[in-house]
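Engineer: Supplied structure: my_file-v4.txt, compact mmCIF, C-alpha atoms.
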```txt
# COMPACT_ATOMS: atom_id res chain seq x y z
CA MET A 1344 -14.25 0.55 15.31
CA ASN A 1345 -11.18 -0.94 17.02
CA LYS A 1346 -11.21 -3.73 14.54
CA GLU A 1347 -11.14 -1.25 11.66
CA ASN A 1348 -7.99 0.41 12.87
CA ALA A 1349 -6.12 -2.78 13.57
CA LYS A 1350 -3.10 -3.21 11.30
CA GLU A 1351 -3.80 -5.65 8.54
CA ARG A 1352 -1.21 -8.04 7.28
CA VAL A 1353 -0.86 -9.67 3.89
CA SER A 1354 1.09 -12.90 3.62
CA SER A 1355 3.75 -13.36 0.93
CA LEU A 1356 1.71 -16.08 -0.74
CA ALA A 1357 -1.34 -13.83 -0.86
CA LEU A 1358 0.75 -11.06 -2.43
CA MET A 1359 2.03 -13.44 -5.07
CA PHE A 1360 -1.47 -14.54 -6.08
CA THR A 1361 -2.78 -10.98 -5.85
CA VAL A 1362 -0.15 -9.78 -8.33
CA GLY A 1363 -0.85 -12.80 -10.55
CA CYS A 1364 -4.59 -12.25 -10.45
CA PHE A 1365 -4.21 -8.52 -11.05
CA LEU A 1366 -2.23 -9.16 -14.22
CA GLN A 1367 -4.43 -12.04 -15.37
CA CYS A 1368 -7.22 -9.52 -15.63
CA SER A 1369 -5.67 -8.10 -18.78
CA VAL A 1370 -5.71 -11.58 -20.32
CA LEU A 1371 -9.29 -10.97 -21.30
CA LEU A 1372 -8.73 -7.54 -22.78
CA MET A 1373 -6.18 -8.14 -25.47
CA GLY A 1374 -8.24 -6.51 -28.22
CA ASN A 1375 -5.97 -3.50 -28.40
CA ILE A 1376 -2.69 -5.41 -28.80
CA SER A 1377 -4.27 -7.92 -31.16
CA ALA A 1378 -5.56 -5.11 -33.38
CA ILE A 1379 -2.08 -3.59 -33.66
CA ALA A 1380 0.18 -6.64 -33.86
CA LYS A 1381 -2.29 -9.19 -35.29
CA GLN A 1382 -0.82 -12.71 -35.48
CA ASP A 1383 2.45 -11.49 -33.92
CA SER A 1384 0.79 -10.45 -30.65
CA TRP A 1385 2.33 -13.36 -28.82
CA LEU A 1386 5.80 -12.17 -29.84
CA VAL A 1387 4.88 -8.68 -28.66
CA ILE A 1388 3.85 -10.02 -25.26
CA ALA A 1389 7.02 -12.09 -24.95
CA ALA A 1390 9.09 -9.00 -25.83
CA ALA A 1391 7.07 -6.89 -23.38
CA ILE A 1392 7.76 -9.39 -20.58
CA ILE A 1393 11.51 -9.22 -21.23
CA LEU A 1394 11.55 -5.43 -21.63
CA TYR A 1395 9.48 -5.00 -18.50
CA LEU A 1396 12.08 -6.78 -16.34
CA PRO A 1397 14.31 -3.66 -15.93
CA ILE A 1398 11.23 -1.65 -14.91
CA PHE A 1399 10.35 -4.43 -12.51
CA TRP A 1400 13.87 -4.20 -11.08
CA LEU A 1401 13.33 -0.46 -10.68
CA TYR A 1402 10.17 -1.04 -8.60
CA ILE A 1403 11.92 -3.63 -6.47
CA LYS A 1404 14.90 -1.33 -5.94
CA LEU A 1405 12.61 1.51 -4.89
CA ALA A 1406 10.69 -0.74 -2.50
CA ASP A 1407 14.01 -2.04 -1.19
CA LEU A 1408 15.33 1.45 -0.54
CA PHE A 1409 12.27 2.35 1.50
CA PRO A 1410 11.06 -0.85 3.18
CA GLY A 1411 7.59 -0.62 4.69
CA LYS A 1412 6.85 2.67 2.94
CA SER A 1413 4.09 3.35 0.45
CA LEU A 1414 4.45 5.42 -2.70
CA ILE A 1415 2.99 8.52 -1.01
CA GLU A 1416 5.45 8.29 1.88
CA ILE A 1417 8.33 7.69 -0.54
CA ASN A 1418 7.37 10.81 -2.53
CA GLU A 1419 7.34 12.92 0.59
CA LYS A 1420 10.76 11.66 1.62
CA VAL A 1421 12.38 11.98 -1.78
CA PHE A 1422 10.82 15.13 -3.22
CA GLY A 1423 10.13 17.02 -0.02
CA ARG A 1424 6.79 18.13 1.32
CA PHE A 1425 5.49 20.37 -1.47
CA LEU A 1426 6.87 18.77 -4.61
CA GLY A 1427 6.25 15.34 -3.08
CA GLY A 1428 2.66 16.40 -2.41
CA ALA A 1429 2.22 17.45 -6.04
CA VAL A 1430 3.62 14.11 -7.26
CA SER A 1431 1.34 12.27 -4.84
CA ILE A 1432 -1.69 14.12 -6.19
CA LEU A 1433 -0.76 12.90 -9.67
CA TYR A 1434 -0.70 9.32 -8.40
CA ILE A 1435 -3.98 9.74 -6.54
CA VAL A 1436 -5.68 11.04 -9.69
CA HIS A 1437 -4.09 8.22 -11.68
CA PHE A 1438 -5.32 5.52 -9.27
CA LEU A 1439 -8.81 7.02 -9.40
CA PHE A 1440 -8.63 7.07 -13.16
CA LEU A 1441 -7.45 3.45 -13.33
CA SER A 1442 -10.37 2.35 -11.15
CA THR A 1443 -12.71 4.28 -13.42
CA PHE A 1444 -11.18 2.85 -16.58
CA ASN A 1445 -11.41 -0.75 -15.41
CA THR A 1446 -14.98 -0.27 -14.24
CA ARG A 1447 -15.73 1.10 -17.70
CA ILE A 1448 -14.27 -2.04 -19.28
CA LEU A 1449 -16.75 -4.12 -17.31
CA ASP A 1450 -19.57 -1.89 -18.47
CA ASN A 1451 -18.43 -2.15 -22.10
CA PHE A 1452 -18.47 -5.91 -21.90
CA ILE A 1453 -21.78 -6.31 -20.07
CA SER A 1454 -23.71 -3.74 -22.08
CA GLY A 1455 -22.07 -4.89 -25.30
CA SER A 1456 -22.39 -8.64 -24.96
CA LEU A 1457 -24.60 -9.77 -22.10
CA MET A 1458 -27.24 -7.21 -21.18
CA PRO A 1459 -27.54 -4.50 -23.83
CA GLU A 1460 -30.92 -3.24 -22.59
CA THR A 1461 -29.98 -2.72 -18.93
CA PRO A 1462 -28.87 0.83 -18.04
CA ALA A 1463 -25.14 1.04 -17.35
CA ALA A 1464 -25.71 2.82 -14.04
CA ALA A 1465 -27.64 -0.15 -12.61
CA ILE A 1466 -24.91 -2.66 -13.48
CA LEU A 1467 -22.11 -0.41 -12.29
CA PHE A 1468 -23.91 0.38 -9.05
CA LEU A 1469 -24.15 -3.31 -8.16
CA PHE A 1470 -20.58 -4.00 -9.25
CA LEU A 1471 -19.12 -1.09 -7.28
CA ALA A 1472 -21.27 -1.92 -4.26
CA VAL A 1473 -19.59 -5.34 -4.11
CA CYS A 1474 -16.15 -3.76 -4.61
CA ALA A 1475 -16.92 -1.20 -1.89
CA TYR A 1476 -17.95 -3.98 0.46
CA ALA A 1477 -14.66 -5.80 -0.21
CA VAL A 1478 -12.58 -2.64 0.26
CA ARG A 1479 -14.39 -1.84 3.51
CA ARG A 1480 -13.60 -5.29 4.84
CA GLY A 1481 -9.93 -4.52 4.39
CA LEU A 1482 -6.92 -5.60 2.43
CA GLU A 1483 -6.36 -8.86 4.24
CA THR A 1484 -9.85 -10.10 3.39
CA MET A 1485 -9.55 -8.90 -0.20
CA THR A 1486 -6.25 -10.60 -0.91
CA ARG A 1487 -7.24 -13.83 0.83
CA TYR A 1488 -9.33 -14.83 -2.20
CA SER A 1489 -6.62 -14.15 -4.76
CA ALA A 1490 -5.34 -17.73 -4.68
CA VAL A 1491 -8.82 -19.12 -5.35
CA PHE A 1492 -9.35 -16.66 -8.21
CA THR A 1493 -5.98 -17.47 -9.78
CA VAL A 1494 -6.68 -21.19 -9.60
CA ILE A 1495 -10.14 -20.73 -11.16
CA VAL A 1496 -8.63 -18.71 -14.01
CA LEU A 1497 -5.93 -21.33 -14.61
CA PHE A 1498 -8.54 -24.09 -14.50
CA VAL A 1499 -10.81 -22.34 -17.02
CA MET A 1500 -7.78 -21.62 -19.21
CA ILE A 1501 -6.59 -25.23 -19.24
CA MET A 1502 -10.11 -26.56 -19.75
CA ASN A 1503 -10.53 -24.29 -22.76
CA MET A 1504 -7.16 -25.22 -24.20
CA VAL A 1505 -8.28 -28.83 -24.16
CA LEU A 1506 -11.70 -28.08 -25.62
CA MET A 1507 -10.25 -25.83 -28.31
CA GLY A 1508 -7.50 -28.30 -29.18
CA LYS A 1509 -9.10 -29.33 -32.46
CA ASP A 1510 -9.58 -25.71 -33.60
CA MET A 1511 -5.95 -24.69 -33.15
CA LYS A 1512 -3.90 -24.35 -36.30
CA LEU A 1513 -0.19 -23.72 -36.38
CA GLU A 1514 -0.41 -21.90 -39.72
CA ASN A 1515 -2.44 -19.17 -37.99
CA PHE A 1516 0.85 -17.84 -36.60
CA MET A 1517 2.10 -17.14 -40.14
CA PRO A 1518 3.46 -14.86 -41.51
CA VAL A 1519 5.83 -13.97 -38.69
CA LEU A 1520 7.28 -10.44 -38.36
CA SER A 1521 5.57 -9.07 -41.44
CA LEU A 1522 4.33 -5.77 -39.99
CA ARG A 1523 6.00 -2.36 -39.97
CA PRO A 1524 8.50 -2.07 -37.06
CA ILE A 1525 6.64 0.92 -35.56
CA LYS A 1526 3.63 -1.35 -34.99
CA TYR A 1527 5.72 -3.62 -32.78
CA VAL A 1528 7.03 -0.65 -30.82
CA GLN A 1529 3.48 0.62 -30.33
CA ALA A 1530 2.15 -2.80 -29.29
CA VAL A 1531 4.99 -3.46 -26.83
CA HIS A 1532 4.57 0.02 -25.39
CA SER A 1533 0.81 -0.50 -25.00
CA GLN A 1534 1.26 -3.88 -23.39
CA ILE A 1535 3.80 -2.59 -20.87
CA SER A 1536 1.95 0.64 -20.06
CA LEU A 1537 -1.61 -0.62 -19.96
CA SER A 1538 -1.01 -3.92 -18.29
CA PHE A 1539 2.33 -4.70 -16.62
CA SER A 1540 3.32 -1.31 -15.25
CA GLN A 1541 -0.03 -0.90 -13.50
CA LEU A 1542 1.74 -2.97 -10.86
CA VAL A 1543 2.86 0.41 -9.52
CA VAL A 1544 -0.35 0.39 -7.42
CA PHE A 1545 1.16 -2.39 -5.35
CA PHE A 1546 3.40 0.19 -3.72
CA MET A 1547 0.29 1.08 -1.72
CA LEU A 1548 0.09 -2.52 -0.48
CA PHE A 1549 3.74 -3.07 0.40
CA PRO A 1550 3.53 -1.51 3.89
CA ASP A 1551 0.99 -4.16 4.87
CA LEU A 1552 3.17 -7.16 4.16
CA LYS A 1553 3.67 -9.70 6.90
CA LYS A 1554 7.22 -10.44 5.82
CA PRO A 1555 8.70 -7.48 3.89
CA LYS A 1556 11.85 -9.51 3.21
CA GLU A 1557 9.94 -11.89 0.96
CA LEU A 1558 8.50 -9.07 -1.15
CA LYS A 1559 10.93 -9.52 -4.03
CA LYS A 1560 10.27 -13.20 -4.40
CA SER A 1561 6.50 -13.11 -4.17
CA PHE A 1562 6.20 -10.02 -6.37
CA PHE A 1563 8.35 -11.62 -9.04
CA TRP A 1564 6.57 -14.97 -8.99
CA GLY A 1565 3.23 -13.18 -9.09
CA PHE A 1566 4.41 -11.28 -12.14
CA LEU A 1567 5.49 -14.53 -13.81
CA ILE A 1568 2.11 -16.18 -13.13
CA GLY A 1569 0.22 -13.21 -14.57
CA ALA A 1570 2.49 -12.53 -17.53
CA GLY A 1571 2.78 -16.26 -18.32
CA THR A 1572 -1.01 -16.60 -18.41
CA ILE A 1573 -1.30 -13.60 -20.71
CA LEU A 1574 1.28 -15.06 -23.10
CA ILE A 1575 -0.27 -18.53 -23.21
CA VAL A 1576 -3.83 -17.26 -23.65
CA GLU A 1577 -2.86 -14.86 -26.41
CA ALA A 1578 -0.95 -17.62 -28.23
CA ARG A 1579 -4.04 -19.80 -27.95
CA ASN A 1580 -6.26 -16.99 -29.24
CA ILE A 1581 -4.06 -16.59 -32.31
CA ALA A 1582 -3.91 -20.34 -32.89
CA VAL A 1583 -7.70 -20.50 -32.83
CA LEU A 1584 -8.68 -17.23 -34.49
CA GLY A 1585 -5.82 -16.50 -36.90
CA GLY A 1586 -6.11 -13.23 -38.85
CA PHE A 1587 -9.63 -12.69 -37.48
CA ILE A 1588 -8.02 -11.73 -34.15
CA SER A 1589 -7.34 -8.16 -35.30
CA LEU A 1590 -11.04 -7.53 -35.95
CA VAL A 1591 -12.52 -8.43 -32.57
CA THR A 1592 -12.52 -6.39 -29.37
CA ALA A 1593 -12.21 -9.36 -27.02
CA PRO A 1594 -10.28 -12.19 -28.70
CA ALA A 1595 -10.61 -14.56 -25.73
CA PHE A 1596 -14.39 -14.15 -25.83
CA GLU A 1597 -14.52 -14.99 -29.53
CA ALA A 1598 -12.26 -17.98 -29.03
CA PHE A 1599 -14.58 -19.28 -26.31
CA ARG A 1600 -17.51 -18.95 -28.69
CA LEU A 1601 -15.91 -21.33 -31.15
CA ILE A 1602 -15.89 -24.25 -28.74
CA ASN A 1603 -18.16 -26.95 -30.02
CA ILE A 1604 -17.61 -30.54 -29.00
CA ALA A 1605 -20.26 -32.77 -30.55
CA ASN A 1606 -22.90 -30.06 -30.02
CA VAL A 1607 -22.79 -30.81 -26.31
CA PHE A 1608 -20.12 -28.42 -25.05
CA THR A 1609 -21.17 -25.20 -26.74
CA ARG A 1610 -21.93 -21.62 -25.66
CA MET A 1611 -18.99 -21.67 -23.30
CA GLU A 1612 -18.62 -17.88 -23.44
CA LEU A 1613 -20.52 -17.62 -20.18
CA PHE A 1614 -17.40 -19.00 -18.52
CA TYR A 1615 -15.59 -16.05 -20.01
CA ALA A 1616 -18.17 -13.66 -18.57
CA PHE A 1617 -17.83 -15.31 -15.18
CA VAL A 1618 -14.03 -15.09 -15.18
CA LEU A 1619 -14.03 -11.54 -16.55
CA ILE A 1620 -16.41 -10.24 -13.89
CA MET A 1621 -14.49 -12.04 -11.15
CA LEU A 1622 -11.12 -10.71 -12.28
CA LEU A 1623 -12.38 -7.18 -12.84
CA PHE A 1624 -13.97 -7.22 -9.41
CA PHE A 1625 -10.60 -8.14 -7.97
CA LYS A 1626 -8.63 -5.62 -9.99
CA VAL A 1627 -11.03 -2.73 -9.37
CA SER A 1628 -11.06 -3.55 -5.63
CA ILE A 1629 -7.26 -3.35 -5.52
CA LEU A 1630 -7.21 -0.07 -7.47
CA TYR A 1631 -10.06 1.32 -5.37
CA PHE A 1632 -8.15 0.38 -2.23
CA ALA A 1633 -4.91 1.91 -3.56
CA PHE A 1634 -6.74 5.15 -4.32
CA LEU A 1635 -8.26 5.36 -0.84
CA ARG A 1636 -5.04 4.36 0.89
CA ALA A 1637 -3.22 7.06 -1.08
CA VAL A 1638 -5.82 9.66 -0.07
CA GLN A 1639 -5.59 8.51 3.54
CA GLN A 1640 -1.80 8.80 3.65
CA PHE A 1641 -1.72 12.04 1.71
CA LEU A 1642 -4.20 13.77 3.99
CA LYS A 1643 -2.89 11.91 7.04
CA ILE A 1644 -6.26 10.74 8.29
CA LYS A 1645 -6.77 7.79 10.59
CA SER A 1646 -8.83 5.44 8.47
CA TYR A 1647 -9.90 5.31 4.85
CA LYS A 1648 -12.95 3.19 5.56
CA SER A 1649 -15.39 6.03 6.03
CA LEU A 1650 -14.51 7.28 2.54
CA VAL A 1651 -15.27 3.99 0.79
CA PHE A 1652 -18.91 4.71 -0.15
CA PRO A 1653 -18.54 8.33 -1.32
CA ALA A 1654 -15.43 7.31 -3.30
CA GLY A 1655 -17.45 4.50 -4.91
CA ALA A 1656 -20.11 7.02 -5.94
CA ILE A 1657 -17.41 9.25 -7.45
CA ILE A 1658 -15.95 6.30 -9.40
CA LEU A 1659 -19.45 5.45 -10.64
CA CYS A 1660 -20.09 9.01 -11.86
CA LEU A 1661 -16.66 9.30 -13.46
CA THR A 1662 -17.17 5.97 -15.23
CA LEU A 1663 -20.40 7.25 -16.73
CA ILE A 1664 -18.99 10.59 -17.89
CA SER A 1665 -15.45 9.61 -18.94
CA PHE A 1666 -16.15 7.59 -22.04
CA ASP A 1667 -19.14 7.82 -24.35
CA SER A 1668 -18.81 4.36 -25.86
CA SER A 1669 -16.54 1.35 -26.14
CA ILE A 1670 -15.03 2.98 -29.25
CA ASP A 1671 -13.89 5.82 -26.99
CA THR A 1672 -12.25 3.35 -24.62
CA ASN A 1673 -10.43 1.63 -27.48
CA SER A 1674 -9.27 4.93 -28.89
CA TRP A 1675 -7.93 5.92 -25.46
CA GLU A 1676 -6.04 2.60 -25.23
CA GLY A 1677 -4.60 3.18 -28.67
CA THR A 1678 -3.63 6.85 -28.40
CA ALA A 1679 -3.22 8.85 -25.20
CA GLY A 1680 -3.52 6.06 -22.59
CA PRO A 1681 -0.11 4.41 -23.08
CA PHE A 1682 1.70 7.77 -22.99
CA LEU A 1683 0.00 8.89 -19.79
CA SER A 1684 0.80 5.56 -18.15
CA LEU A 1685 4.38 5.69 -19.44
CA PHE A 1686 4.89 8.97 -17.62
CA LEU A 1687 3.15 8.06 -14.37
CA GLU A 1688 4.07 4.40 -14.06
CA ILE A 1689 7.58 4.26 -15.48
CA ILE A 1690 9.24 7.68 -15.86
CA LEU A 1691 8.06 9.08 -12.52
CA PRO A 1692 9.12 6.04 -10.43
CA ALA A 1693 12.46 6.03 -12.32
CA LEU A 1694 12.89 9.71 -11.51
CA THR A 1695 12.02 9.03 -7.87
CA LEU A 1696 14.63 6.29 -7.67
CA ALA A 1697 17.28 8.43 -9.41
CA ILE A 1698 16.68 11.39 -7.09
CA ALA A 1699 16.62 9.14 -4.04
CA LEU A 1700 19.99 7.68 -5.01
CA LEU A 1701 21.43 11.11 -5.87
CA ARG A 1702 20.26 12.50 -2.55
CA GLY A 1703 22.13 9.70 -0.90
CA PHE A 1704 19.26 7.69 0.53
CA ARG A 1705 20.55 4.34 1.66
CA LYS A 1706 18.52 1.34 2.61
CA GLU A 1707 16.61 2.13 5.77
CA LYS A 1708 16.45 -0.29 8.64
CA GLU A 1709 13.52 -2.67 8.44
CA ALA A 1710 10.45 -1.32 10.11
CA THR A 1711 10.01 -3.22 13.32
CA VAL A 1712 7.04 -5.48 12.91
CA MET B 984 -34.74 8.68 -9.56
CA VAL B 985 -33.95 11.76 -7.46
CA VAL B 986 -35.72 10.21 -4.48
CA LEU B 987 -33.76 7.00 -4.98
CA LEU B 988 -30.51 8.93 -5.12
CA VAL B 989 -31.29 10.93 -1.97
CA GLY B 990 -32.22 7.64 -0.29
CA VAL B 991 -28.91 6.00 -1.25
CA PHE B 992 -26.89 9.00 -0.11
CA SER B 993 -28.82 9.25 3.17
CA PHE B 994 -28.08 5.59 3.77
CA MET B 995 -24.40 6.22 3.05
CA ALA B 996 -24.31 9.12 5.50
CA LEU B 997 -26.09 7.07 8.15
CA MET B 998 -23.53 4.30 7.78
CA ASP B 999 -20.48 6.47 8.41
CA LEU B 1000 -21.31 9.86 9.88
CA PRO B 1001 -22.47 8.84 13.39
CA ALA B 1002 -19.21 6.99 14.06
CA LEU B 1003 -17.16 9.90 12.71
CA ILE B 1004 -19.03 12.45 14.81
CA LYS B 1005 -18.69 10.26 17.87
CA GLU B 1006 -14.92 10.17 17.41
CA LYS B 1007 -14.88 13.98 17.02
CA ASN B 1008 -12.20 13.71 14.38
CA ILE B 1009 -12.71 17.05 12.62
CA LYS B 1010 -10.21 16.42 9.80
CA GLU B 1011 -11.82 13.13 8.88
CA ILE B 1012 -15.29 14.68 8.94
CA ILE B 1013 -14.15 17.47 6.60
CA VAL B 1014 -12.56 15.00 4.15
CA TYR B 1015 -15.66 12.84 4.30
CA GLY B 1016 -17.82 15.93 3.69
CA ILE B 1017 -15.82 16.92 0.61
CA PHE B 1018 -16.01 13.41 -0.86
CA PHE B 1019 -19.70 13.14 -0.03
CA VAL B 1020 -20.67 16.53 -1.51
CA LEU B 1021 -18.59 15.89 -4.63
CA ALA B 1022 -20.24 12.50 -5.16
CA PHE B 1023 -23.71 13.88 -4.48
CA VAL B 1024 -23.34 16.87 -6.81
CA MET B 1025 -21.95 14.71 -9.61
CA SER B 1026 -24.74 12.15 -9.25
CA MET B 1027 -27.40 14.88 -9.20
CA LEU B 1028 -25.99 16.51 -12.32
CA LEU B 1029 -26.02 13.12 -14.05
CA VAL B 1030 -29.62 12.46 -13.00
CA PHE B 1031 -30.72 15.86 -14.32
CA GLY B 1032 -28.93 15.17 -17.59
CA VAL B 1033 -26.41 18.00 -17.28
CA GLU B 1034 -23.42 17.37 -19.53
CA ILE B 1035 -20.25 17.14 -17.43
CA PRO B 1036 -17.05 17.48 -19.46
CA SER B 1037 -15.09 14.24 -19.56
CA PRO B 1038 -11.68 14.37 -17.84
CA VAL B 1039 -10.41 11.93 -20.47
CA LYS B 1040 -10.88 14.53 -23.21
CA PHE B 1041 -8.61 16.85 -21.23
CA PHE B 1042 -5.82 14.23 -21.05
CA GLU B 1043 -6.30 13.41 -24.73
CA PHE B 1044 -5.98 17.10 -25.56
CA ILE B 1045 -2.78 17.50 -23.52
CA ILE B 1046 -1.10 14.36 -24.88
CA GLY B 1047 -2.34 14.51 -28.48
CA ASP B 1048 -2.70 18.20 -29.27
CA VAL B 1049 -0.22 19.89 -26.93
CA LEU B 1050 2.58 17.32 -26.65
CA HIS B 1051 1.88 15.69 -30.03
CA LEU B 1052 2.57 12.20 -28.73
CA SER B 1053 1.04 9.69 -31.09
CA TYR B 1054 1.88 6.65 -33.19
CA GLU B 1055 -0.35 7.68 -36.07
```
As structure tokens, please, write out the structure in this file.
Structural biologist:
Amino acid sequence: MNKENAKERVSSLALMFTVGCFLQCSVLLMGNISAIAKQDSWLVIAAAIILYLPIFWLYIKLADLFPGKSLIEINEKVFGRFLGGAVSILYIVHFLFLSTFNTRILDNFISGSLMPETPAAAILFLFLAVCAYAVRRGLETMTRYSAVFTVIVLFVMIMNMVLMGKDMKLENFMPVLSLRPIKYVQAVHSQISLSFSQLVVFFMLFPDLKKPKELKKSFFWGFLIGAGTILIVEARNIAVLGGFISLVTAPAFEAFRLINIANVFTRMELFYAFVLIMLLFFKVSILYFAFLRAVQQFLKIKSYKSLVFPAGAIILCLTLISFDSSIDTNSWEGTAGPFLSLFLEIILPALTLAIALLRGFRKEKEATV
Amino acid sequence: MVVLLVGVFSFMALMDLPALIKEKNIKEIIVYGIFFVLAFVMSMLLVFGVEIPSPVKFFEFIIGDVLHLSYE
């Protein structure tokens, strides 16, 4: 029990790879953006990276203003006890929903492509049991593997680039900028809301940093690793698939399928499955942890670890009832999802920062470590 | 299936409850109880095939039908 309550510390390097790995997860789920922006998806992602930088600055500024504080503690300080509590509840529900949504993505993939006959509950139970185990072991243990995961993803990515070299065609990028402007706005909005700005969950991890001063640097480099991977992989997907990219739900998976080197290196999509499950495990664990840490701080209880299993069961049930099919998930990503995320992940933190500055909060002294 | 579910939940309770009771931390026990009961009731309803309304539909209704936020 003593061990459970001991303060855990995350190194700057681990944070960097954790952020990178967290973002890399969306590499494999570009179906939504590809369906909207087609062969211009890579431009959309590049634009999203640039447009996300001010939001990134906003997060950094907020973290800088309240060093060593999590989002829940910041809300309480900025909005006061009651309004802050209401805002915190919104975040808690959002973190729970994000865990549910990402678990659902795993289910969509496994029941759609790998094991269509197996009941979803059985797969999700095993998946969430592993996540629960990781979350129970603590943040330090969870983030320790991020570097290995990031390297594996980069290795698989480079290996595939080489193997797909002969299938890539430059003319697949043509015609450039031929869609209606609103499509680009929608795609950039989706990319920022559904992928990049989910980094808001890292506010729940910031208090556990070993060296809070290095937060900016490691957070930024982590973002670059993740966003860079997304950009390169999407460009590769377009180069390989061309116009076909808008018709498939998982472009990276389809691109993997095309690999065929002298009939020896074929059926490489299992690598995709391996990487997808690994990355989703990592992402869901982080979201799961953020949810429990938020609950712990909101209710001011000593440890979140006793809540891990019941929370896992709740996530499992919510995953099963939230979406009826993968069509439902796609429709959510295309309609209401980006707007909900825009409010909770961008507008609300911006409002928090604005009110904090207006109320005259100045940088607090570093928490003594 | 019901037996399996009760088994899993009993195992979960056995893992955490004794330590919580030993610590006599009432607040934590109450929070744990709420989470546990919520999870158990939801799982039971799912096993018995009761249709639980999806929270996603609620968000979709608010954003699409009330606020009219859409790209279509």
Engineer: Please report as an MDAnalysis selection string which residues of chain A come no farther than 10 Å from chain B, using all atoms listed in the file.
Structural biologist: chainID A and resid 1344 1440 1444 1525:1526 1528:1529 1638:1639 1642:1667 1671:1672 1674:1675 1677:1683
Engineer: Residues within 8 Å of A:Ser1589, please, as a PyMOL selection string. Count only C-alpha atoms; anything in the same chain fewer than 4 positions from it doesn't count.
Structural biologist: chain A and resi 1374+1377-1382
Engineer: With only C-alpha atoms as the basis for distance, which of A:Phe1704, A:Phe1470, A:Tyr1615, A:Phe1634 is at the shortest distance from A:Ala1598?
Structural biologist: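 Once distances to A:Ala1598 are computed over only C-alpha atoms, the minimum belongs to A:Tyr1615.
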Engineer: Determine the nearest neighbour of A:Leu1408 from the options A:Met1611, A:Leu1623, A:Lys1420, A:Glu1688, counting all atoms listed in the file.
Structural biologist: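 That would be A:Lys1420, the residue with the smallest distance to A:Leu1408.
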Engineer: Would you compute the distance between atom CA of A:Val1531 and atom CA of A:Ile1393? Give it in Å to one decimal.
Structural biologist: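 Computed distance, atom CA of A:Val1531 to atom CA of A:Ile1393, equals 10.3 Å.
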Engineer: What is the atom CA of A:Gly1585 to atom CA of A:Val1519 distance in Å?
Structural biologist: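 Separating atom CA of A:Gly1585 from atom CA of A:Val1519 is a distance of 12.1 Å.
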Engineer: Figure out the distance between atom CA of A:Phe1563 and atom CA of A:Ile1535, please, to one decimal in Å.
Structural biologist: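 Straight-line distance from atom CA of A:Ile1535 to atom CA of A:Phe1563 works out to 15.6 Å.
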Engineer: Neighbours of stretch 1570-1579 of chain A within 7 Å (only C-alpha atoms; same-chain residues fewer than 5 positions away dropped), as a tab-separated table (two decimals) with C-alpha atoms, in the frame of the given file?
Structural biologist:
```
chain	number	residue	atom	x	y	z
A	1366	LEU	CA	-2.23	-9.16	-14.22
A	1367	GLN	CA	-4.43	-12.04	-15.37
A	1370	VAL	CA	-5.71	-11.58	-20.32
A	1385	TRP	CA	2.33	-13.36	-28.82
A	1388	ILE	CA	3.85	-10.02	-25.26
A	1389	ALA	CA	7.02	-12.09	-24.95
A	1392	ILE	CA	7.76	-9.39	-20.58
```
